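To start, the structure under review is shown below, and the notes come after it.
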Amino acid sequence: MSESPFRTGAFGVTGSGDTSGFGGLVRVEPGGAVALHSTDRPYGGWFDEVADALADAVGQATYDAAVRRVLVDRGEITWFVHREHLLVLLQALRDDDALRFELCSSVSGVDYLDAGGPTGERLHVVHHLTSMTYRRRIRLETAVTAEDPHVPSSTRVYPTADWHEREVWDMFGVVFDGHPALTRILMPDDWDGHPQRKDYPLGGVPVEYHDATIPPPDERRSYR
């Protein structure tokens, strides 16, 4: 029987319960990437309307080439797309009368270290889109490798993505090609590395408090 690709908790506590608050955390074991699936049609509700309208707006051939998979989970829908087609999809989602996703409310980053699958695409960029016309929310997610972390900037479609992309670059090291001024927004300009990547060292300094010394995070206990 093969071992489960999942692990639970944050500190490896067993038997006595985990009082850290992370006992319900479920993660993928290093090297144990789970096969990613796509939700079958029909997706349900208005999700199918958006999928059909998007395919009509960009053309079925472009839609098929752009979309890697579609996931419906917890009442939300996400399109996982190839970066080469990201701007075409965003433009259609914003401008088509049947879609009208006028607002990009957020561009965020995620690092799925050790769970990037056979392609090693550990860095994900997530566009959160809102249609104020139809009161709908969707996501577009793009995955790249740490060795080639390039994604086209969406600022020419959604100008509000400007500072969001700067933060994703600063924290995760994703390069947004075509961004008007891709500079750090949280860390100093000469900072080395990208702090929210999972392999970034915790670091820290010891703190003395009431005759006791609290060690820095990377020396306290194992964060398995």
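Labeling convention for the structure tokens: chains A, B, ... as they appear, residues from 1 per chain, ligands from 1 in order of appearance.
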
Using only C-alpha atoms, which residues of region 60-147 of chain A come within 12 Å of region 185-203 of chain A, and what is the closest atom pair for each, with the distance in Å to one decimal? Give it as a tab-separated table, sorted by chain and residue number.
```
residue	atom	partner	partner_atom	distance
A:Ser108	CA	A:Gln196	CA	11.5
A:Gly109	CA	A:Gln196	CA	8.9
A:Val110	CA	A:Arg197	CA	8.1
A:Asp111	CA	A:Arg197	CA	5.8
A:Tyr112	CA	A:Lys198	CA	7.7
A:Leu113	CA	A:Lys198	CA	6.1
A:Asp114	CA	A:Lys198	CA	9.3
A:Ala115	CA	A:Lys198	CA	11.3
A:Arg122	CA	A:Arg197	CA	9.6
A:Leu123	CA	A:Arg197	CA	8.6
A:His124	CA	A:Arg197	CA	11.1
A:Ala146	CA	A:Arg197	CA	9.7
```

Please produce a file of those selected residues containing N, CA, C and O atoms, as an mmCIF file, in the first residue's frame.
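Output file out_12.cif follows:
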```cif
data_model
loop_
_atom_site.group_PDB
_atom_site.id
_atom_site.type_symbol
_atom_site.label_atom_id
_atom_site.label_comp_id
_atom_site.auth_asym_id
_atom_site.auth_seq_id
_atom_site.Cartn_x
_atom_site.Cartn_y
_atom_site.Cartn_z
ATOM 1 N N SER A 108 -3.095 38.027 -7.123
ATOM 2 C CA SER A 108 -2.360 37.467 -5.989
ATOM 3 C C SER A 108 -1.430 36.359 -6.449
ATOM 4 O O SER A 108 -1.563 35.826 -7.558
ATOM 5 N N GLY A 109 -0.483 36.017 -5.592
ATOM 6 C CA GLY A 109 0.485 34.964 -5.896
ATOM 7 C C GLY A 109 0.404 33.828 -4.898
ATOM 8 O O GLY A 109 -0.009 34.026 -3.743
ATOM 9 N N VAL A 110 0.805 32.638 -5.338
ATOM 10 C CA VAL A 110 0.861 31.451 -4.483
ATOM 11 C C VAL A 110 2.101 30.657 -4.873
ATOM 12 O O VAL A 110 2.439 30.570 -6.056
ATOM 13 N N ASP A 111 2.770 30.089 -3.893
ATOM 14 C CA ASP A 111 3.901 29.212 -4.162
ATOM 15 C C ASP A 111 3.561 27.812 -3.666
ATOM 16 O O ASP A 111 3.474 27.576 -2.469
ATOM 17 N N TYR A 112 3.347 26.885 -4.617
ATOM 18 C CA TYR A 112 3.075 25.492 -4.272
ATOM 19 C C TYR A 112 4.368 24.687 -4.364
ATOM 20 O O TYR A 112 4.510 23.805 -5.207
ATOM 21 N N LEU A 113 5.311 25.016 -3.504
ATOM 22 C CA LEU A 113 6.590 24.320 -3.496
ATOM 23 C C LEU A 113 6.385 22.825 -3.268
ATOM 24 O O LEU A 113 5.585 22.421 -2.422
ATOM 25 N N ASP A 114 7.096 22.002 -4.031
ATOM 26 C CA ASP A 114 7.029 20.533 -3.945
ATOM 27 C C ASP A 114 5.713 19.960 -4.440
ATOM 28 O O ASP A 114 5.485 18.754 -4.350
ATOM 29 N N ALA A 115 4.823 20.805 -4.960
ATOM 30 C CA ALA A 115 3.559 20.296 -5.473
ATOM 31 C C ALA A 115 3.264 20.891 -6.841
ATOM 32 O O ALA A 115 2.120 21.082 -7.203
ATOM 33 N N ARG A 122 5.412 25.764 -9.884
ATOM 34 C CA ARG A 122 5.080 25.989 -8.477
ATOM 35 C C ARG A 122 4.499 27.367 -8.213
ATOM 36 O O ARG A 122 3.767 27.563 -7.236
ATOM 37 N N LEU A 123 4.817 28.356 -9.054
ATOM 38 C CA LEU A 123 4.360 29.725 -8.827
ATOM 39 C C LEU A 123 3.071 29.987 -9.598
ATOM 40 O O LEU A 123 3.028 29.821 -10.818
ATOM 41 N N HIS A 124 2.033 30.394 -8.888
ATOM 42 C CA HIS A 124 0.736 30.646 -9.507
ATOM 43 C C HIS A 124 0.366 32.115 -9.351
ATOM 44 O O HIS A 124 0.578 32.723 -8.294
ATOM 45 N N ALA A 146 9.765 28.465 -11.303
ATOM 46 C CA ALA A 146 10.654 29.445 -10.688
ATOM 47 C C ALA A 146 11.800 29.800 -11.623
ATOM 48 O O ALA A 146 12.397 30.871 -11.505
#
```

Point to revise | All strand (DSSP E or B) positions in region 2-224 of chain A, as a ChimeraX atom specification | key: /A:6-8,26-28,67-73,76-81,103-111,123-131,136-144,150-152,175-177,207-209,212-214

Exercise for review: Fewer than 2 positions away in the same chain doesn't count, so skip those; otherwise give me all residues within 8 Å of Glu167 (chain A), counting only C-alpha atoms, as a list in words.
Suggested key: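 Listed by chain and then number, they are Trp163, His164, Glu165, Trp169, Asp170, Met171, Arg184, Ile185 and Leu186 of chain A.
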
Each region 67-172 of chain A residue no farther than 7 Å from region 43-60 of chain A, nearest pair in Å, only C-alpha atoms, as JSON lines:
```
{"residue": "A:Val72", "atom": "CA", "partner": "A:Tyr43", "partner_atom": "CA", "distance": 6.9}
{"residue": "A:Ala92", "atom": "CA", "partner": "A:Ala57", "partner_atom": "CA", "distance": 6.1}
{"residue": "A:Leu93", "atom": "CA", "partner": "A:Leu54", "partner_atom": "CA", "distance": 6.8}
{"residue": "A:Asp96", "atom": "CA", "partner": "A:Ala57", "partner_atom": "CA", "distance": 6.7}
{"residue": "A:Ala98", "atom": "CA", "partner": "A:Ala53", "partner_atom": "CA", "distance": 6.2}
{"residue": "A:Leu99", "atom": "CA", "partner": "A:Val50", "partner_atom": "CA", "distance": 6.5}
```

Check your understanding: Of the candidates A:Ser38, A:Thr142, A:Thr62, A:Ser106, which shows the shortest atom-to-atom distance to Val81 (chain A), using only C-alpha atoms?
Key -> A:Thr142

Review point. Neighbours of Gly178 (chain A) within 9 Å (only C-alpha atoms; same-chain residues fewer than 3 positions away dropped), as a PyMOL selection string?
Key: chain A and resi 152-156+181-182

Atoms to include: C-alpha atoms. Write the selected residues as a compact mmCIF listing (two decimals), in the first residue's frame.
```txt
# COMPACT_ATOMS: atom_id res chain seq x y z
CA PRO A 152 2.24 39.03 -19.23
CA SER A 153 1.16 42.13 -17.31
CA SER A 154 -2.58 42.68 -17.25
CA THR A 155 -2.23 46.43 -16.65
CA ARG A 156 -3.23 47.35 -20.20
CA ALA A 181 7.28 50.09 -13.64
CA LEU A 182 7.87 46.69 -12.03
```

Check your understanding: Could you state the separation of CA of Ala66 (chain A) and CA of Thr183 (chain A) in Å, given to one decimal place?
Key ->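 If I compute the distance from CA of Ala66 (chain A) to CA of Thr183 (chain A), I get 28.7 Å.
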
Practice item. Could you check how far CA of Gly120 (chain A) sits from CA of Asp73 (chain A), in Å to one decimal? Key: 23.5 Å

**Study point:** region 18-154 of chain A: residues DSSP assigns to alpha helix (DSSP H), reported as a list in words
**Key:**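 The residues of region 18-154 of chain A classed as alpha helix (DSSP H) are Phe47, Asp48, Glu49, Val50, Ala51, Asp52, Ala53, Leu54, Ala55, Asp56, Ala57, Val58, Gln60, Ala61, Thr62, Tyr63, Asp64, Ala65, Ala66, Leu86, Leu87, Val88, Leu89, Leu90, Gln91, Ala92, Leu93, Arg94 and Asp95 of chain A.
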
**Study point:** Length of the CA of Leu140 (chain A) to CA of Arg100 (chain A) vector [Å]
**Key:** 14.8 Å
